[in-house]
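So this block is structure_26.pdb, PDB, C-alpha atoms:
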ATOM      1  CA  MET A   4      99.372 111.993 108.079
ATOM      2  CA  GLN A   5     100.257 113.220 111.572
ATOM      3  CA  ARG A   6      96.828 112.097 112.795
ATOM      4  CA  ILE A   7      97.498 108.626 111.443
ATOM      5  CA  LEU A   8     100.941 108.534 113.068
ATOM      6  CA  SER A   9      99.274 109.449 116.382
ATOM      7  CA  GLU A  10      96.715 106.682 115.953
ATOM      8  CA  GLU A  11      99.525 104.223 115.252
ATOM      9  CA  GLN A  12     100.883 104.954 118.726
ATOM     10  CA  THR A  13      97.596 104.043 120.423
ATOM     11  CA  VAL A  14      96.078 101.344 118.191
ATOM     12  CA  ASN A  15      95.591  97.899 119.714
ATOM     13  CA  ARG A  16      98.594  96.026 118.304
ATOM     14  CA  GLN A  17      96.717  92.738 118.647
ATOM     15  CA  ASP A  18      93.854  93.874 116.387
ATOM     16  CA  ALA A  19      95.040  92.958 112.896
ATOM     17  CA  ASN A  20      91.922  94.434 111.272
ATOM     18  CA  ALA A  21      92.456  97.810 112.958
ATOM     19  CA  LEU A  22      96.137  97.712 111.955
ATOM     20  CA  ALA A  23      95.190  96.974 108.344
ATOM     21  CA  GLU A  24      92.655  99.832 108.250
ATOM     22  CA  LEU A  25      95.224 102.225 109.691
ATOM     23  CA  ASP A  26      97.874 101.076 107.222
ATOM     24  CA  PHE A  27      95.433 101.562 104.343
ATOM     25  CA  SER A  28      94.596 105.055 105.615
ATOM     26  CA  PHE A  29      98.289 105.910 105.669
ATOM     27  CA  HIS A  30      98.882 104.775 102.091
ATOM     28  CA  GLN A  31      95.672 106.478 100.953
ATOM     29  CA  ALA A  32      96.913 109.742 102.516
ATOM     30  CA  ILE A  33     100.220 109.356 100.660
ATOM     31  CA  ALA A  34      98.321 108.757  97.416
ATOM     32  CA  ILE A  35      96.206 111.870  97.970
ATOM     33  CA  ALA A  36      99.266 113.939  98.881
ATOM     34  CA  SER A  37     100.922 112.895  95.617
ATOM     35  CA  GLY A  38      98.531 115.154  93.725
ATOM     36  CA  ASN A  39      97.723 112.369  91.276
ATOM     37  CA  LEU A  40      93.920 112.327  91.046
ATOM     38  CA  ILE A  41      93.726 108.793  89.670
ATOM     39  CA  TYR A  42      96.033 106.931  92.069
ATOM     40  CA  PRO A  43      93.862 107.416  95.201
ATOM     41  CA  MET A  44      90.802 106.192  93.279
ATOM     42  CA  VAL A  45      92.651 103.105  92.061
ATOM     43  CA  LEU A  46      93.981 102.391  95.539
ATOM     44  CA  ASN A  47      90.503 102.831  97.009
ATOM     45  CA  SER A  48      89.046 100.354  94.517
ATOM     46  CA  PHE A  49      91.460  97.739  95.907
ATOM     47  CA  LYS A  50      90.664  98.526  99.557
ATOM     48  CA  PRO A  51      88.850  95.215 100.333
ATOM     49  CA  VAL A  52      91.702  93.164  98.868
ATOM     50  CA  TYR A  53      94.366  95.396 100.439
ATOM     51  CA  THR A  54      92.881  95.287 103.932
ATOM     52  CA  ASN A  55      92.231  91.540 103.715
ATOM     53  CA  LEU A  56      95.821  90.733 102.738
ATOM     54  CA  THR A  57      97.275  93.301 105.125
ATOM     55  CA  SER A  58      95.168  91.972 107.986
ATOM     56  CA  ARG A  59      96.514  88.460 107.310
ATOM     57  CA  PHE A  60     100.026  89.899 107.149
ATOM     58  CA  PHE A  61      99.653  91.602 110.526
ATOM     59  CA  LYS A  62      98.073  88.472 112.098
ATOM     60  CA  GLN A  63     101.168  86.503 111.085
ATOM     61  CA  HIS A  64     103.461  89.102 112.615
ATOM     62  CA  LEU A  65     101.752  89.953 115.905
ATOM     63  CA  GLY A  66     104.379  90.317 118.589
ATOM     64  CA  ASP A  67     107.461  89.860 116.402
ATOM     65  CA  GLY A  68     108.351  93.529 115.905
ATOM     66  CA  VAL A  69     107.159  93.831 112.308
ATOM     67  CA  ILE A  70     104.333  96.193 113.236
ATOM     68  CA  ASP A  71     106.845  98.499 114.919
ATOM     69  CA  GLU A  72     109.021  98.337 111.788
ATOM     70  CA  VAL A  73     106.070  99.278 109.549
ATOM     71  CA  PHE A  74     105.138 102.201 111.787
ATOM     72  CA  GLN A  75     108.776 103.324 111.875
ATOM     73  CA  PHE A  76     108.798 103.410 108.064
ATOM     74  CA  HIS A  77     105.640 105.542 108.220
ATOM     75  CA  ARG A  78     107.283 108.025 110.619
ATOM     76  CA  LEU A  79     110.443 108.213 108.495
ATOM     77  CA  LEU A  80     108.402 108.835 105.359
ATOM     78  CA  VAL A  81     106.329 111.593 106.956
ATOM     79  CA  ASN A  82     109.492 113.223 108.326
ATOM     80  CA  ALA A  83     111.075 113.175 104.863
ATOM     81  CA  ILE A  84     107.950 114.649 103.294
ATOM     82  CA  GLU A  85     107.636 117.357 105.955
ATOM     83  CA  SER A  86     111.273 118.345 105.466
ATOM     84  CA  SER A  87     110.761 118.437 101.664
ATOM     85  CA  ASN A  88     113.466 115.801 101.223
ATOM     86  CA  SER A  89     112.180 113.977  98.151
ATOM     87  CA  GLU A  90     115.270 111.767  97.850
ATOM     88  CA  ALA A  91     114.840 110.515 101.412
ATOM     89  CA  ALA A  92     111.091 110.025 100.871
ATOM     90  CA  ILE A  93     111.751 107.959  97.745
ATOM     91  CA  GLU A  94     114.324 105.838  99.570
ATOM     92  CA  VAL A  95     112.076 105.242 102.589
ATOM     93  CA  MET A  96     109.149 104.289 100.338
ATOM     94  CA  ARG A  97     111.390 101.923  98.372
ATOM     95  CA  GLU A  98     112.682 100.284 101.570
ATOM     96  CA  MET A  99     109.173 100.051 103.011
ATOM     97  CA  LEU A 100     107.780  98.365  99.895
ATOM     98  CA  GLN A 101     110.729  95.968  99.683
ATOM     99  CA  HIS A 102     110.340  95.146 103.385
ATOM    100  CA  GLY A 103     106.660  94.286 102.903
ATOM    101  CA  ALA A 104     107.302  92.327  99.724
ATOM    102  CA  ARG A 105     110.042  90.249 101.363
ATOM    103  CA  LEU A 106     107.828  89.386 104.305
ATOM    104  CA  LEU A 107     104.822  88.575 102.109
ATOM    105  CA  LEU A 108     106.879  86.393  99.805
ATOM    106  CA  SER A 109     108.472  84.559 102.716
ATOM    107  CA  SER A 110     104.998  83.972 104.188
ATOM    108  CA  TYR A 111     103.743  82.438 100.957
ATOM    109  CA  GLY A 112     106.940  80.704  99.842
ATOM    110  CA  GLY A 113     107.901  83.282  97.240
ATOM    111  CA  LYS A 114     108.716  82.416  93.674
ATOM    112  CA  ASN A 115     109.782  78.779  93.640
ATOM    113  CA  GLY A 116     109.959  78.910  97.437
ATOM    114  CA  ASN A 117     112.568  81.682  97.317
ATOM    115  CA  PRO A 118     111.500  84.667  99.428
ATOM    116  CA  ASN A 119     114.463  86.810  98.318
ATOM    117  CA  LEU A 120     113.844  89.796  96.093
TER     118      LEU A 120
END
Please, can you express the file's structure as structure tokens?
Amino acid sequence: MQRILSEEQTVNRQDANALAELDFSFHQAIAIASGNLIYPMVLNSFKPVYTNLTSRFFKQHLGDGVIDEVFQFHRLLVNAIESSNSEAAIEVMREMLQHGARLLLSSYGGKNGNPNL
């Protein structure tokens, strides 16, 4: 995960495809670290869909600070994991997923046009 965090510091922030691949790698590493043998395989089977949607997401948010927010969530999650703080890790993951869901829903109008979760 530290390698991925390092790559996030140097990745071209205008390359939505590279951002999506890096984001997938991060979530795949989390899945592997969970110890659940099935979850990484399931996640990997959705890789083309995941990277396609995530690439679109990043294209919509180039230059508006969202990429920095996503990478900040990644750093916070790794810090919580490294310090064995499961409560903090759960909270960061929850916030990160809600953050992404809100932005995706607002991009696509959400349920009945309501982007609020």
When the PyMOL selection byres ((chain A and resi 85-102) around 12) is applied to the structure above, which residues does it catch, written out as a PyMOL selection string? chain A and resi 4-5+30+33+36-37+69-70+72-84+103-109+118-120
Extending 6 Å beyond the listed atoms of range 49-61 of chain A on each side, what axis-aligned box results? I want centre and edge lengths in Å to one decimal, as lines of an AutoDock Vina configuration file.
center_x = 94.4
center_y = 93.5
center_z = 103.2
size_x = 23.2
size_y = 22.1
size_z = 26.6
Take the PyMOL selection byres ((chain A and resi 51-66) around 7), run it mentally on this structure, and tell me the resulting residues as a PyMOL selection string. chain A and resi 17+19-20+23-24+27+49-50+67-69
CA of Thr13 in chain A and CA of Ser28 in chain A, how far apart in Å? 15.1 Å
Distance CA of Asp71 in chain A-CA of Ala32 in chain A, one decimal place?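 Between CA of Asp71 in chain A and CA of Ala32 in chain A the gap works out to 19.5 Å.
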What does the distance from CA of Ile35 in chain A to CA of Asn47 in chain A come to in Å, to one decimal? 10.7 Å
